[in-house]
Structures are given as C-alpha cells and as structure tokens.
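J.: Here you go, one structure.
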Amino acid sequence: MKSIASHQMKLYWPLYLMAIPGIIFLIVFKFIPLAGAVIAFKDYSVFQGFIDSPWVGFKHFETLLQHPDFLNVFSNTLLLGLFKLTIVFPVPVLLALMINEIRKSALKKGIQTALYIPHFLSWVIVGGILFDFFSLSGMFNIILGWFGAEPVLAMQESAYFRPIYVLASIWKDAGWGTVVYMAAISAIDPQLYESAMIDGASRFRQIRHITFPILLPTVLVLFLLDIGNFLDLGFDQVYNLLTPMTYNVGDILDTYVFRTGIQQGQYSFATAVGLFQSVIGFIMVYTFNKLSNKVSDGGLW
C-alpha cells in the first residue's frame with residue numbers, strides 16, 4: 001500500500017502541491033477553531049482563558065431556548081432557509097438548462113457574463129442599490145406611480161422584507177450558481193443527443209430524458225451541501241437589508257448572535273448558538289443524505 005501511495009504522489013505531485021493551500025486553509029480556519037467550541041459549555045472570560053473559565057454545562061443553551069425572542073428568531077431563520085431551498089436553489093438549475101439551449105456562442109457568453117457580475121458585488125453595495133431602488137424617489141415607486149398607486153417604503157415594511165430577500169438572493173447568486181451545472185452539462189456525451197435526434201426527440205424531450213437525469217446527481221450533492229447551511233443564511237446579507245421596522249420578520253440567528261453575543265460581549269452564548277446551528281445542519285444533512293441514497297444513490301457518502 002505504501003509503495004502504491006508513494007507512486008501516486010510521485011506521479012501526481014503537482015496536484016498534491018496545488019491542494020496544500022486548501023488543506024492549510026481547512027486546518028487553520030475550520031478544524032483548529034473547533035477547539036474553541038468548548039466555551040459554549042463555559043462562562044468564558046478573556047482574562048481566565050479557555051482552560052480556566054468555569055464550566056456551566058448547558059446553561060447557555062437553556063438561556064437560548066428560554067429567551068423570549070428565540071421562537072420568533074428561530075421561525076424567521078427556518079422560513080428564510082426554506083425559501084432559499086425551495087425558491088432560490090432551483091433557479092441556477094433552470095438557468096443552466098436554458099443557457100445550454102442557446103446556440104449562438106456570443107449571445108450565450110454575453111448572458112453568462114451578465115448573470116455572473118452581481119456575484120462579485122458585496123452585500124453592502126447590493127443593500128445600497130436596493131435601498132435606492134425602493135426609496136420614495138426610486139424606480140419601484142416610479143413604476144407604482146405610473147399605475148396611480150401610492151408610494152411605498154418597501155424596505156421599512158415587514159410584508160416586503162422576505163420577498164426582497166429572496167429576489168436579492170436570486171439576482172446576486174443565481175448566475176454564479178450556474179457555473180457547476182454548466183460544467184456538468186458540458187461533460188455530457190454529444191452522441192446521446194445525436195441518438196435522441198435520430199429518434200425524433202424534441203429539444204424539450206432531450207432536456208427531460210438526457211440533460212436533467214445526468215445533471216441530477218450534481219443537483220443532489222449541491223442540495224445536500226446547502227441543507228448543511230440551512231440555518232446559516234449569511235449575516236452580511238440579512239444585516240444589510242434589515243431596518244428597525246423589519247426586525248420582527250427578518251431577525252435571524254446570525255443577527256441575533258451579533259446583537260446579543262458579540263456587541264454585548266457574551267462570547268460563550270454566541271458560541272452556543274453557533275454550535276446549535278451546526279448540530280441542526282449536521283442532522284439535516286445526515287437525514288437527507290440517507291433519503292438521497294435510497295431514492296437515487298446520489299448522496300455525499
């Protein structure tokens with residue numbers, strides 16, 4: 001076994017060399033910080049350190065579950081996470097299938113580039129664009145004025161927060177999400193399409209019986225990875241869209257931790273909430289992976 005491993009390393013040493021920065025990143029930023037999770041079970045003090053801070057067991061988890069805002073914050077997190085999985089996640093798949101049907105190469109590349117660009121904007125910039133768009137003098141209210149409707153401050157209205165959150169997620173990240181799917185589609189054997197055309201299959205039938213079934217394992221893997229982050233919706237996105245009037249529908253675990261854990265210096269409590277999110281994510285990934293293996297043999301393990 002050692003000789004086989006050494007032979008593989010000698011043969012593919014450039015690939016192993018390229019993997020080193022990624023491995024270092026995982027160790028430094030993913031594995032080493034796991035040791036810090038112990039402060040979720042302690043009353044951590046920066047003066048006493050990790051080791052000497054007193055143990056308190058599940059005190060911080062009990063505080064989280066008994067907090068009067070917990071149910072509202074948790075339900076907001078679940079709802080926004082559900083919207084991301086059911087509405088936002090399928091959009092890149094549909095976009096990839098549609099882009100693949102474009103025959104003119106220049107048009108195809110132009111559309112892909114236009115869809116990719118928003119991904120490179122920070123949520124601070126996107127948030128500013130949205131606040132301008134939905135302001136009293138913004139395009140949204142100008143369009144409402146064309147139809148004789150009264151102006152609306154959508155960013156300060158609770159009813160508009162979740163639709164804006166979903167639409168902003170689609171606009172910013174859907175184009176970038178097509179990259180993996182387009183790569184998977186490009187690897188499909190062209191002879192499959194040629195055989196289907198000889199049999200008289202329409203473009204829609206080719207998508208239905210060739211492209212999508214071959215793409216499905218990739219979709220399932222990415223879906224499982226997204227489920228692992230079900231409660232991790234992205235602090236920067238929600239924080240830059242929130243206003244004091246929308247906290248009742250937009251306050252999630254990440255923003256709640258920032259307010260109560262970081263700003264108030266409750267580091268043990270913030271760690272407990274993060275650990276709570278990770279455990280829920282692991283349970284969901286494990287459950288859906290089992291279901292995926294039973295349905296299509298397309299799980300992560």
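Here's how to read the names in the structure tokens: chain A, B, ... by the order shown, residue numbers from 1 in each chain, ligand numbers from 1 in the order shown.
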Would you mind listing what lies within 7 Å of Asn76 of chain A as a PyMOL selection string, with only C-alpha atoms counted and same-chain residues fewer than 6 positions away left out?
T.: chain A and resi 249-252
J.: Go ahead and save the residues from that selection, with all heavy atoms, as a compact mmCIF listing (two decimals), in the first residue's frame.
T.:
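For reference, result.txt as written:
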# COMPACT_ATOMS: atom_id res chain seq x y z
N VAL A 249 -39.68 40.23 11.25
CA VAL A 249 -39.72 39.19 10.21
C VAL A 249 -38.33 38.87 9.66
O VAL A 249 -38.17 37.88 8.94
CB VAL A 249 -40.64 39.62 9.04
CG1 VAL A 249 -42.08 39.73 9.51
CG2 VAL A 249 -40.16 40.92 8.42
N GLY A 250 -37.32 39.69 9.97
CA GLY A 250 -36.01 39.50 9.38
C GLY A 250 -34.89 39.16 10.35
O GLY A 250 -33.79 38.81 9.92
N ASP A 251 -35.17 39.26 11.63
CA ASP A 251 -34.13 38.95 12.63
C ASP A 251 -33.89 37.45 12.67
O ASP A 251 -34.81 36.66 12.96
CB ASP A 251 -34.57 39.45 14.00
CG ASP A 251 -33.41 39.50 14.99
OD1 ASP A 251 -32.25 39.49 14.55
OD2 ASP A 251 -33.69 39.55 16.21
N ILE A 252 -32.68 37.00 12.33
CA ILE A 252 -32.36 35.57 12.29
C ILE A 252 -31.29 35.27 13.33
O ILE A 252 -30.80 36.17 14.02
CB ILE A 252 -31.87 35.15 10.89
CG1 ILE A 252 -30.62 35.94 10.49
CG2 ILE A 252 -32.98 35.33 9.85
CD1 ILE A 252 -29.96 35.46 9.21
J.: Please provide as a count of residues only all residues within 12 Å of segment 117-123 of chain A, with the sequence filter that same-chain residues fewer than 2 positions apart are discarded (counting only C-alpha atoms).
T.: 35
J.: I'd like to know which residues of segment 34-131 of chain A are helix (DSSP H, G or I) (by DSSP, run on the backbone); could you write them as a ChimeraX atom specification?
T.: /A:34-41,49-52,59-66,70-88,90-100,105-120,123-131
J.: Work out how far atom CA of Gly200 of chain A is from atom CA of Ile102 of chain A, in Å to one decimal.
T.: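 These two atoms are separated by 19.9 Å.
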J.: List as an mmCIF file with C-alpha atoms, in the first residue's frame the protein and nucleic acid residues near Leu64 of chain A, meaning an atom at most 9 Å away when only C-alpha atoms are counted, but skip any in the same chain fewer than 6 places from it.
T.:
data_model
loop_
_atom_site.group_PDB
_atom_site.id
_atom_site.type_symbol
_atom_site.label_atom_id
_atom_site.label_comp_id
_atom_site.auth_asym_id
_atom_site.auth_seq_id
_atom_site.Cartn_x
_atom_site.Cartn_y
_atom_site.Cartn_z
ATOM 1 C CA PHE A 70 -35.919 32.793 20.462
ATOM 2 C CA PHE A 269 -23.596 32.433 24.383
ATOM 3 C CA ALA A 272 -23.578 28.063 21.915
ATOM 4 C CA VAL A 273 -25.873 29.468 19.217
#
